[in-house]
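Structure file data09.txt (compact mmCIF, C-alpha atoms) is printed below.
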# COMPACT_ATOMS: atom_id res chain seq x y z
CA MET A 1 90.19 -3.25 56.93
CA LYS A 2 87.71 -1.88 54.34
CA LYS A 3 83.96 -2.14 54.58
CA ARG A 4 81.55 -1.88 51.62
CA LEU A 5 78.65 0.46 52.33
CA GLY A 6 76.82 0.18 48.99
CA PRO A 7 76.34 3.15 46.65
CA LYS A 8 76.88 6.27 48.76
CA ALA A 9 78.23 9.67 47.73
CA LEU A 10 80.62 10.11 50.66
CA MET A 11 82.42 13.16 49.24
CA TYR A 12 84.07 15.44 51.78
CA PRO A 13 84.87 18.07 52.85
CA ILE A 14 81.96 20.04 51.40
CA PRO A 15 82.41 23.78 50.73
CA ILE A 16 79.43 25.87 51.82
CA VAL A 17 78.19 28.70 49.56
CA LEU A 18 75.06 30.81 49.28
CA VAL A 19 73.39 30.67 45.89
CA GLY A 20 71.51 33.85 44.97
CA THR A 21 68.63 33.95 42.51
CA LEU A 22 65.86 36.29 41.51
CA VAL A 23 62.55 34.44 41.94
CA ASP A 24 59.45 36.28 40.72
CA GLY A 25 61.57 39.44 40.86
CA GLN A 26 62.59 38.93 44.52
CA PRO A 27 66.14 38.11 45.71
CA ASN A 28 66.45 34.69 47.32
CA TYR A 29 69.46 33.03 48.97
CA THR A 30 69.93 29.35 49.67
CA LEU A 31 72.64 27.24 51.27
CA VAL A 32 74.38 24.91 48.78
CA GLY A 33 77.08 22.34 49.44
CA ASP A 34 76.71 20.60 46.09
CA CYS A 35 78.96 23.07 44.33
CA ALA A 36 82.40 23.09 42.75
CA LEU A 37 85.01 24.79 40.70
CA MET A 38 85.01 23.07 37.28
CA GLY A 39 87.66 25.08 35.40
CA LEU A 40 89.88 28.16 35.70
CA ARG A 41 91.02 29.24 32.22
CA VAL A 42 87.41 29.18 31.08
CA PRO A 43 85.89 30.05 34.47
CA LEU A 44 83.43 27.22 35.13
CA VAL A 45 81.40 26.22 38.16
CA CYS A 46 78.73 23.62 38.86
CA ILE A 47 75.90 23.50 41.38
CA SER A 48 73.17 20.96 42.00
CA LEU A 49 69.67 21.90 43.15
CA ALA A 50 66.60 19.80 43.88
CA GLU A 51 63.85 20.28 41.31
CA THR A 52 61.36 21.39 43.95
CA HIS A 53 63.63 24.06 45.52
CA HIS A 54 62.51 27.69 45.39
CA ALA A 55 65.98 28.67 44.08
CA THR A 56 65.58 26.23 41.17
CA LYS A 57 62.55 28.20 39.99
CA GLY A 58 64.81 31.27 39.88
CA VAL A 59 67.61 29.60 37.94
CA LEU A 60 65.18 28.07 35.45
CA GLY A 61 63.58 31.48 34.96
CA THR A 62 66.67 33.67 34.52
CA HIS A 63 69.31 31.04 33.55
CA ARG A 64 71.53 32.83 36.01
CA PHE A 65 72.55 32.68 39.68
CA SER A 66 75.20 34.01 42.03
CA ILE A 67 77.66 32.10 44.20
CA ASN A 68 78.51 33.98 47.38
CA ILE A 69 81.16 32.55 49.69
CA PRO A 70 80.42 33.27 53.35
CA SER A 71 82.99 33.35 56.13
CA THR A 72 82.42 31.75 59.53
CA ASP A 73 81.07 34.93 61.18
CA LEU A 74 77.94 34.48 59.03
CA LEU A 75 77.37 30.85 60.12
CA ASP A 76 74.00 31.30 61.85
CA ARG A 77 72.55 33.22 58.88
CA VAL A 78 74.04 30.69 56.43
CA ASP A 79 72.54 27.73 58.28
CA CYS A 80 69.21 29.56 58.46
CA CYS A 81 69.27 29.77 54.64
CA GLY A 82 69.35 25.97 54.58
CA LEU A 83 66.58 25.62 57.16
CA VAL A 84 63.71 27.47 55.52
CA SER A 85 62.32 27.78 51.99
CA GLY A 86 62.27 31.06 50.09
CA ALA A 87 58.69 30.17 49.14
CA GLU A 88 57.66 30.81 52.75
CA TYR A 89 60.27 33.24 54.12
CA ASP A 90 62.07 36.28 52.70
CA LYS A 91 65.67 35.20 53.32
CA SER A 92 67.03 38.31 51.59
CA ALA A 93 66.23 40.13 54.88
CA LEU A 94 69.30 38.40 56.37
CA PHE A 95 71.77 40.22 54.07
CA THR A 96 72.44 43.41 52.13
CA THR A 97 71.75 42.72 48.44
CA PHE A 98 73.69 44.42 45.66
CA PHE A 99 73.73 43.98 41.89
CA GLY A 100 76.74 43.92 39.57
CA GLU A 101 76.99 43.26 35.84
CA LEU A 102 73.75 41.32 35.37
CA PRO A 103 70.43 42.88 36.44
CA ASP A 104 68.83 39.61 37.55
CA VAL A 105 71.62 38.23 39.75
CA PRO A 106 71.41 39.32 43.41
CA LEU A 107 74.71 39.37 45.32
CA ILE A 108 75.45 39.40 49.05
CA ASP A 109 77.46 42.36 50.31
CA GLU A 110 78.43 40.57 53.56
CA CYS A 111 80.27 37.83 51.57
CA GLN A 112 83.89 38.55 50.68
CA VAL A 113 83.68 36.85 47.29
CA SER A 114 80.68 36.74 44.94
CA MET A 115 80.41 35.45 41.38
CA GLU A 116 77.74 36.24 38.79
CA CYS A 117 77.12 33.00 36.88
CA GLU A 118 75.33 32.16 33.64
CA VAL A 119 74.01 28.65 33.02
CA ILE A 120 75.45 27.01 29.90
CA HIS A 121 74.18 23.49 30.52
CA ASP A 122 71.44 21.93 32.63
CA HIS A 123 71.41 18.19 33.24
CA LEU A 124 68.50 16.65 35.15
CA VAL A 125 68.98 13.35 37.00
CA GLU A 126 65.87 12.14 38.77
CA ASN A 127 64.88 15.13 40.92
CA ARG A 128 68.15 17.08 40.71
CA HIS A 129 69.28 19.76 38.27
CA MET A 130 73.02 19.98 37.71
CA PHE A 131 73.70 23.47 36.41
CA ILE A 132 77.06 24.03 34.71
CA ALA A 133 77.77 27.74 34.43
CA THR A 134 80.41 30.23 33.34
CA VAL A 135 81.38 33.13 35.57
CA ARG A 136 80.52 36.50 34.05
CA GLU A 137 81.86 38.80 36.79
CA THR A 138 83.62 38.36 40.14
CA HIS A 139 83.37 40.70 43.12
CA VAL A 140 85.96 40.56 45.90
CA GLU A 141 86.25 42.58 49.09
CA GLU A 142 89.41 44.67 48.70
CA SER A 143 90.75 43.60 52.09
CA CYS A 144 90.91 40.00 50.74
CA LEU A 145 93.11 40.89 47.79
CA LEU A 146 96.86 40.63 47.68
CA ILE A 147 98.95 41.95 44.83
CA VAL A 148 101.12 39.10 43.53
CA ASP A 149 103.41 39.79 40.53
CA GLY A 150 101.48 43.02 39.94
CA LYS A 151 98.11 41.21 39.68
CA PRO A 152 95.30 40.99 42.24
CA SER A 153 95.23 37.58 43.90
CA LEU A 154 93.03 36.07 46.62
CA ALA A 155 94.29 35.96 50.21
CA ASP A 156 95.04 32.60 51.83
CA LEU A 157 92.27 30.37 53.19
CA LYS A 158 92.95 31.30 56.82
CA ALA A 159 92.25 34.95 55.98
CA LEU A 160 89.21 34.10 53.81
CA ASP A 161 87.88 31.93 56.66
CA PRO A 162 85.30 29.92 54.66
CA ILE A 163 82.81 27.38 56.07
CA LEU A 164 83.14 23.65 55.47
CA TYR A 165 80.60 20.91 56.06
CA GLY A 166 81.03 17.22 56.78
CA LEU A 167 78.61 14.32 56.41
CA ASP A 168 78.62 14.12 60.23
CA ASN A 169 76.33 17.20 59.91
CA GLY A 170 79.03 19.45 61.38
CA TYR A 171 80.38 22.79 60.17
CA TYR A 172 84.13 23.36 60.38
CA ARG A 173 86.61 26.15 59.80
CA ILE A 174 89.89 25.97 57.86
CA GLY A 175 92.91 24.60 59.71
CA ALA A 176 96.65 25.03 59.38
CA PRO A 177 98.49 25.34 56.05
CA ILE A 178 100.40 22.12 55.36
CA GLY A 179 102.28 22.66 52.12
CA GLU A 180 102.65 24.40 48.78
CA GLY A 181 100.95 23.08 45.63
CA TYR A 182 103.11 21.55 42.89
CA ARG A 183 106.04 21.54 45.34
CA VAL A 184 105.63 19.18 48.30
CA GLY A 185 105.53 16.19 45.95
CA LYS A 186 108.67 17.10 44.00
CA SER A 187 111.03 15.17 46.27
CA ILE A 188 109.37 11.84 45.47
CA MET A 189 109.06 12.40 41.71
CA GLN A 190 112.48 10.80 41.21
CA SER A 191 111.31 7.55 42.75
CA LEU A 192 108.53 7.07 40.17
CA PRO A 193 109.00 4.42 37.47
CA ARG A 194 109.02 5.95 33.97
CA ARG A 195 106.74 4.46 31.34
CA PRO A 196 108.64 2.64 28.59
CA MET B 1 84.75 48.06 49.42
CA LYS B 2 84.28 45.59 46.53
CA LYS B 3 86.52 45.26 43.52
CA ARG B 4 85.49 43.70 40.18
CA LEU B 5 88.08 41.24 38.88
CA GLY B 6 86.34 40.21 35.65
CA PRO B 7 85.19 36.63 35.01
CA LYS B 8 87.13 34.44 37.44
CA ALA B 9 86.12 31.15 39.07
CA LEU B 10 87.24 32.02 42.60
CA MET B 11 85.60 29.04 44.28
CA TYR B 12 87.11 27.92 47.59
CA PRO B 13 87.97 25.93 49.55
CA ILE B 14 88.72 23.17 47.08
CA PRO B 15 88.56 19.52 48.25
CA ILE B 16 91.44 17.40 47.01
CA VAL B 17 90.78 13.87 45.75
CA LEU B 18 92.64 11.27 43.71
CA VAL B 19 90.78 10.08 40.63
CA GLY B 20 91.62 6.53 39.61
CA THR B 21 91.24 5.21 36.08
CA LEU B 22 92.35 2.24 34.04
CA VAL B 23 94.24 3.57 31.00
CA ASP B 24 95.29 0.94 28.46
CA GLY B 25 94.75 -1.64 31.19
CA GLN B 26 97.06 0.14 33.69
CA PRO B 27 95.91 1.87 36.91
CA ASN B 28 96.49 5.62 36.91
CA TYR B 29 95.88 8.18 39.67
CA THR B 30 95.58 11.91 39.29
CA LEU B 31 95.01 14.83 41.65
CA VAL B 32 91.64 16.53 41.11
CA GLY B 33 90.24 19.60 42.87
CA ASP B 34 87.43 20.17 40.37
CA CYS B 35 85.15 17.68 42.07
CA ALA B 36 81.96 17.74 44.09
CA LEU B 37 79.12 15.96 45.71
CA MET B 38 76.04 16.53 43.50
CA GLY B 39 73.38 14.50 45.34
CA LEU B 40 72.89 12.08 48.22
CA ARG B 41 69.60 10.17 47.74
CA VAL B 42 70.69 9.30 44.23
CA PRO B 43 74.43 9.26 44.95
CA LEU B 44 75.87 11.70 42.41
CA VAL B 45 79.31 13.24 41.96
CA CYS B 46 80.91 15.45 39.34
CA ILE B 47 84.53 15.87 38.25
CA SER B 48 86.13 17.99 35.56
CA LEU B 49 89.18 16.86 33.57
CA ALA B 50 91.15 18.55 30.80
CA GLU B 51 90.67 16.86 27.43
CA THR B 52 94.40 16.22 27.05
CA HIS B 53 94.85 14.57 30.47
CA HIS B 54 95.95 10.96 30.62
CA ALA B 55 93.12 10.21 33.09
CA THR B 56 90.56 11.53 30.58
CA LYS B 57 91.63 8.81 28.14
CA GLY B 58 90.80 6.28 30.86
CA VAL B 59 87.36 7.72 31.66
CA LEU B 60 86.44 8.00 27.99
CA GLY B 61 87.52 4.38 27.48
CA THR B 62 85.80 2.71 30.44
CA HIS B 63 83.10 5.32 31.32
CA ARG B 64 84.16 4.75 34.90
CA PHE B 65 86.53 6.17 37.48
CA SER B 66 87.19 6.09 41.21
CA ILE B 67 87.26 8.94 43.70
CA ASN B 68 89.68 8.29 46.54
CA ILE B 69 89.86 10.77 49.41
CA PRO B 70 93.38 11.09 50.83
CA SER B 71 94.22 12.29 54.32
CA THR B 72 97.04 14.75 55.06
CA ASP B 73 99.66 12.02 55.75
CA LEU B 74 99.59 11.27 52.00
CA LEU B 75 100.18 14.91 50.98
CA ASP B 76 103.54 14.46 49.23
CA ARG B 77 102.25 11.51 47.17
CA VAL B 78 99.01 13.37 46.39
CA ASP B 79 100.87 16.48 45.19
CA CYS B 80 103.17 14.26 43.11
CA CYS B 81 100.06 12.89 41.33
CA GLY B 82 99.35 16.46 40.20
CA LEU B 83 102.94 17.12 39.12
CA VAL B 84 103.50 14.41 36.55
CA SER B 85 101.46 12.82 33.77
CA GLY B 86 100.49 9.18 33.77
CA ALA B 87 101.56 9.10 30.13
CA GLU B 88 105.18 9.43 31.28
CA TYR B 89 105.22 8.00 34.81
CA ASP B 90 103.58 5.02 36.51
CA LYS B 91 101.88 6.83 39.42
CA SER B 92 100.23 3.62 40.60
CA ALA B 93 103.65 2.77 42.13
CA LEU B 94 102.87 5.34 44.86
CA PHE B 95 99.93 3.35 46.27
CA THR B 96 98.50 -0.12 46.83
CA THR B 97 95.78 -0.70 44.23
CA PHE B 98 92.72 -2.84 44.94
CA PHE B 99 89.55 -3.55 42.97
CA GLY B 100 85.97 -3.69 44.25
CA GLU B 101 82.68 -4.19 42.39
CA LEU B 102 83.81 -3.04 38.93
CA PRO B 103 86.78 -4.73 37.25
CA ASP B 104 88.04 -1.57 35.51
CA VAL B 105 88.02 0.84 38.46
CA PRO B 106 91.31 0.90 40.42
CA LEU B 107 91.02 1.99 44.07
CA ILE B 108 93.66 3.22 46.53
CA ASP B 109 94.06 1.15 49.69
CA GLU B 110 95.85 3.99 51.54
CA CYS B 111 92.77 6.26 51.22
CA GLN B 112 90.14 5.90 53.95
CA VAL B 113 87.21 6.44 51.58
CA SER B 114 86.95 5.32 47.95
CA MET B 115 83.99 5.41 45.57
CA GLU B 116 83.50 3.44 42.35
CA CYS B 117 81.77 5.79 39.91
CA GLU B 118 80.00 5.30 36.59
CA VAL B 119 79.64 8.18 34.13
CA ILE B 120 76.02 8.99 33.26
CA HIS B 121 76.65 12.28 31.45
CA ASP B 122 79.64 13.93 29.79
CA HIS B 123 79.53 17.62 28.92
CA LEU B 124 82.46 19.15 27.03
CA VAL B 125 83.15 22.90 27.34
CA GLU B 126 86.14 24.05 25.30
CA ASN B 127 88.91 21.73 26.50
CA ARG B 128 87.26 20.38 29.65
CA HIS B 129 85.06 17.33 30.19
CA MET B 130 82.56 17.58 33.00
CA PHE B 131 81.70 14.03 33.99
CA ILE B 132 78.55 13.54 36.06
CA ALA B 133 78.55 10.08 37.63
CA THR B 134 76.59 7.84 39.97
CA VAL B 135 78.35 5.97 42.75
CA ARG B 136 78.16 2.20 42.33
CA GLU B 137 80.01 1.12 45.49
CA THR B 138 81.68 2.83 48.43
CA HIS B 139 84.63 1.50 50.43
CA VAL B 140 85.42 2.90 53.86
CA GLU B 141 88.19 2.03 56.30
CA GLU B 142 86.46 0.46 59.31
CA SER B 143 88.28 2.73 61.76
CA CYS B 144 86.49 5.72 60.13
CA LEU B 145 83.02 4.33 60.73
CA LEU B 146 80.81 5.16 63.64
CA ILE B 147 77.54 3.40 64.35
CA VAL B 148 74.80 6.04 64.61
CA ASP B 149 71.21 4.85 65.22
CA GLY B 150 72.35 1.33 64.30
CA LYS B 151 73.69 2.39 60.89
CA PRO B 152 77.31 2.91 59.79
CA SER B 153 78.13 6.62 59.51
CA LEU B 154 81.32 8.50 58.60
CA ALA B 155 83.53 9.90 61.36
CA ASP B 156 83.87 13.67 61.76
CA LEU B 157 86.15 15.71 59.48
CA LYS B 158 88.88 16.07 62.13
CA ALA B 159 89.19 12.28 62.26
CA LEU B 160 88.97 11.89 58.46
CA ASP B 161 91.68 14.58 58.12
CA PRO B 162 91.16 15.43 54.42
CA ILE B 163 93.29 17.82 52.32
CA LEU B 164 91.99 21.21 51.15
CA TYR B 165 93.44 23.53 48.55
CA GLY B 166 93.17 27.30 48.12
CA LEU B 167 93.73 29.48 45.09
CA ASP B 168 96.81 30.84 46.93
CA ASN B 169 98.33 27.47 45.87
CA GLY B 170 98.39 26.26 49.46
CA TYR B 171 97.21 22.99 50.98
CA TYR B 172 95.37 23.13 54.31
CA ARG B 173 93.98 20.75 56.89
CA ILE B 174 90.54 20.89 58.53
CA GLY B 175 90.16 23.23 61.49
CA ALA B 176 87.86 23.34 64.50
CA PRO B 177 84.17 22.34 64.45
CA ILE B 178 82.02 25.46 64.67
CA GLY B 179 78.42 24.28 64.75
CA GLU B 180 75.79 21.69 63.94
CA GLY B 181 73.97 21.69 60.59
CA TYR B 182 70.27 22.65 60.54
CA ARG B 183 70.63 23.87 64.12
CA VAL B 184 72.88 26.95 64.53
CA GLY B 185 70.53 29.01 62.37
CA LYS B 186 67.35 28.07 64.25
CA SER B 187 67.55 30.97 66.69
CA ILE B 188 67.26 33.57 63.92
CA MET B 189 64.45 31.84 61.97
CA GLN B 190 61.87 33.73 64.03
CA SER B 191 63.26 37.07 62.85
CA LEU B 192 62.62 36.28 59.17
CA PRO B 193 59.72 38.01 57.39
CA ARG B 194 57.12 35.54 56.16
CA ARG B 195 56.02 35.74 52.54
CA PRO B 196 52.42 36.92 52.16
Take the structure in this file and express it as C-alpha cells.
Amino acid sequence: MKKRLGPKALMYPIPIVLVGTLVDGQPNYTLVGDCALMGLRVPLVCISLAETHHATKGVLGTHRFSINIPSTDLLDRVDCCGLVSGAEYDKSALFTTFFGELPDVPLIDECQVSMECEVIHDHLVENRHMFIATVRETHVEESCLLIVDGKPSLADLKALDPILYGLDNGYYRIGAPIGEGYRVGKSIMQSLPRRP
Amino acid sequence: MKKRLGPKALMYPIPIVLVGTLVDGQPNYTLVGDCALMGLRVPLVCISLAETHHATKGVLGTHRFSINIPSTDLLDRVDCCGLVSGAEYDKSALFTTFFGELPDVPLIDECQVSMECEVIHDHLVENRHMFIATVRETHVEESCLLIVDGKPSLADLKALDPILYGLDNGYYRIGAPIGEGYRVGKSIMQSLPRRP
C-alpha cells in the first residue's frame, strides 16, 4: 500500500564526498551529499551548495572546486566537515592538502580519488546553487588502480570502500556485489514486447 | 602515491534509479545512474540524459518525469531497462504502472519510493541534458515508513535495500551502518583551529 507524503526529495542512497575550495586564499573542505556524476564521455559532475555556505564563497570566487571521495576510515573527519563552518574553523587542519593542475583547487591527499572541477554552469534555485562542472584532472591512489585491457581502471567498490548516507541520518558502507552491469538483465530481454 | 588519469568523472558510488516518462502517450522506464538529490527544504533533484535517448523525448515533451528507486530484488528488470531502448521495446511491460498527482508521469508500483518531478531548468552540454527538477509528490510503500517524532520518516538503507553501481561495471547492495550523521565527528571538533 502506497502513502503520499507530499513534495519530498527522498533520493537515496546518497554518496558522501568532500568538496574542496580556496576561500580568501585558504583551503576549505566541506561534506556534500548533493553531488552526482552527470556524464562520462564529457566528464561532468554536479554539486549543490547553500548560498550562505563558506564553500559557496570559494566556488563563486574561483569558479572551481575539487571533489574528494573519502573511504570509511575517514568517517569522523568527514562528519566533522559537515558539523562546522569554514568561516569559524580551519577544516584544512584535518587533512594533508596538495595541488594538481589548477593552482586554486585544493585536494585531499588522504582521499583515494580526487577530481579538479571547473564550473561551466551555475543555476540558483531559492537559496541553493547547482554547479555543473567539467573535470579537468583526476588523481587516483595507485593502489586503487587495476589495469584492464591495458588501461588504468578503478578498483571495485568494496576495495574503494566509500561512505554512503541515508535519510535516516545514518552512514553506511558498501555491501556485497550482486551482479554485472548490462548482463544480469539479458535473460529477460527476450520476454519484452517489441514496438510495432 | 597518486597517479594523474586526465579528465575523468570518477564519481562513486552511483545510485541506481528508474526514470519514468510518457513518450508519445506510452509509459517508458530507463535506468539512470546520473542522478542526485540537490536540496531538501525545496525538494530538488537532478538527472542527466543523453540527447538521443528515448526517455529524453518524453521529458522534453512533458517537462516531467518520475524517479523510482528499485530495491535489489528488481535487479534483472532494472538492468534490462538499461540494455534496450524504449524506441524498440515496451519496457513498461516489466512493471505495474500507476499514476499519482500528474497525469503524464508514470510511476512503478514495484518500487518502494517514487517521486513525481517537474523540470525547472534544462542545461545542455554537448549531447547531454541536465534536468534540474522539483518534486511535486512522493509515494512511499507503507512498510518502509517509520513514525519518528509523530512524523512519517523513511526506513534505514538496509531495509530500503537500494541498488548501487560502480565504475567497475558492478552492482552492489548496501552494507553495514557505520555511524550517525552530525555525531561521529563531534569528538574531533575540539581539535580544530579556530579562525581568528
Fewer than 3 positions away in the same chain doesn't count, so skip those; otherwise give me all residues within 12 Å of Ile108 (chain B), counting all atoms listed in the file, as an mmCIF file with C-alpha atoms, in the frame of the given file.
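This is the output file out_35.cif:
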data_model
loop_
_atom_site.group_PDB
_atom_site.id
_atom_site.type_symbol
_atom_site.label_atom_id
_atom_site.label_comp_id
_atom_site.auth_asym_id
_atom_site.auth_seq_id
_atom_site.Cartn_x
_atom_site.Cartn_y
_atom_site.Cartn_z
ATOM 1 C CA LYS A 2 87.710 -1.880 54.340
ATOM 2 C CA VAL B 17 90.780 13.870 45.750
ATOM 3 C CA LEU B 18 92.640 11.270 43.710
ATOM 4 C CA VAL B 19 90.780 10.080 40.630
ATOM 5 C CA GLY B 20 91.620 6.530 39.610
ATOM 6 C CA THR B 21 91.240 5.210 36.080
ATOM 7 C CA PRO B 27 95.910 1.870 36.910
ATOM 8 C CA ASN B 28 96.490 5.620 36.910
ATOM 9 C CA TYR B 29 95.880 8.180 39.670
ATOM 10 C CA THR B 30 95.580 11.910 39.290
ATOM 11 C CA PHE B 65 86.530 6.170 37.480
ATOM 12 C CA SER B 66 87.190 6.090 41.210
ATOM 13 C CA ILE B 67 87.260 8.940 43.700
ATOM 14 C CA ASN B 68 89.680 8.290 46.540
ATOM 15 C CA ILE B 69 89.860 10.770 49.410
ATOM 16 C CA PRO B 70 93.380 11.090 50.830
ATOM 17 C CA SER B 71 94.220 12.290 54.320
ATOM 18 C CA LEU B 74 99.590 11.270 52.000
ATOM 19 C CA ARG B 77 102.250 11.510 47.170
ATOM 20 C CA VAL B 78 99.010 13.370 46.390
ATOM 21 C CA LYS B 91 101.880 6.830 39.420
ATOM 22 C CA SER B 92 100.230 3.620 40.600
ATOM 23 C CA ALA B 93 103.650 2.770 42.130
ATOM 24 C CA LEU B 94 102.870 5.340 44.860
ATOM 25 C CA PHE B 95 99.930 3.350 46.270
ATOM 26 C CA THR B 96 98.500 -0.120 46.830
ATOM 27 C CA THR B 97 95.780 -0.700 44.230
ATOM 28 C CA PHE B 98 92.720 -2.840 44.940
ATOM 29 C CA PHE B 99 89.550 -3.550 42.970
ATOM 30 C CA GLY B 100 85.970 -3.690 44.250
ATOM 31 C CA VAL B 105 88.020 0.840 38.460
ATOM 32 C CA CYS B 111 92.770 6.260 51.220
ATOM 33 C CA GLN B 112 90.140 5.900 53.950
ATOM 34 C CA VAL B 113 87.210 6.440 51.580
ATOM 35 C CA SER B 114 86.950 5.320 47.950
ATOM 36 C CA MET B 115 83.990 5.410 45.570
ATOM 37 C CA GLU B 116 83.500 3.440 42.350
ATOM 38 C CA HIS B 139 84.630 1.500 50.430
ATOM 39 C CA VAL B 140 85.420 2.900 53.860
ATOM 40 C CA GLU B 141 88.190 2.030 56.300
#
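The residue that comes closest to Asp90 (chain A), out of A:Ile188, A:Val23, A:Ala176, A:Leu164 and on the basis of only C-alpha atoms, is A:Val23.
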Separation of CA of Glu101 (chain A) from CA of Val119 (chain A), in Å and rounded to one decimal: 15.2 Å
One-decimal distance in Å that lies between CA of Leu160 (chain B) and CA of Cys144 (chain B):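 Between these atoms lies a distance of 6.9 Å.
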List as an mmCIF file with C-alpha atoms, in the frame of the given file the protein and nucleic acid residues near Ile178 (chain B), meaning an atom at most 7 Å away when only C-alpha atoms are counted, but skip any in the same chain fewer than 5 places from it.
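In the end it all went to selection_13.cif:
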data_model
loop_
_atom_site.group_PDB
_atom_site.id
_atom_site.type_symbol
_atom_site.label_atom_id
_atom_site.label_comp_id
_atom_site.auth_asym_id
_atom_site.auth_seq_id
_atom_site.Cartn_x
_atom_site.Cartn_y
_atom_site.Cartn_z
ATOM 1 C CA TYR A 171 80.380 22.790 60.170
ATOM 2 C CA TYR A 172 84.130 23.360 60.380
ATOM 3 C CA ARG A 173 86.610 26.150 59.800
#
What is the distance between CA of Leu83 (chain A) and CA of Gly185 (chain B), in Å to one decimal?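 Distance reported for this atom pair: 7.4 Å.
Of the listed residues B:Tyr165, B:Tyr182, B:Phe131, B:Tyr12, the one whose atoms come nearest to Cys46 (chain B) is B:Phe131, with distances taken using all atoms listed in the file.
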Using all atoms listed in the file, the shortest atom-to-atom distance to Glu51 (chain A) among A:Asp24, A:Glu126, A:Glu118, A:Asp34 belongs to A:Glu126
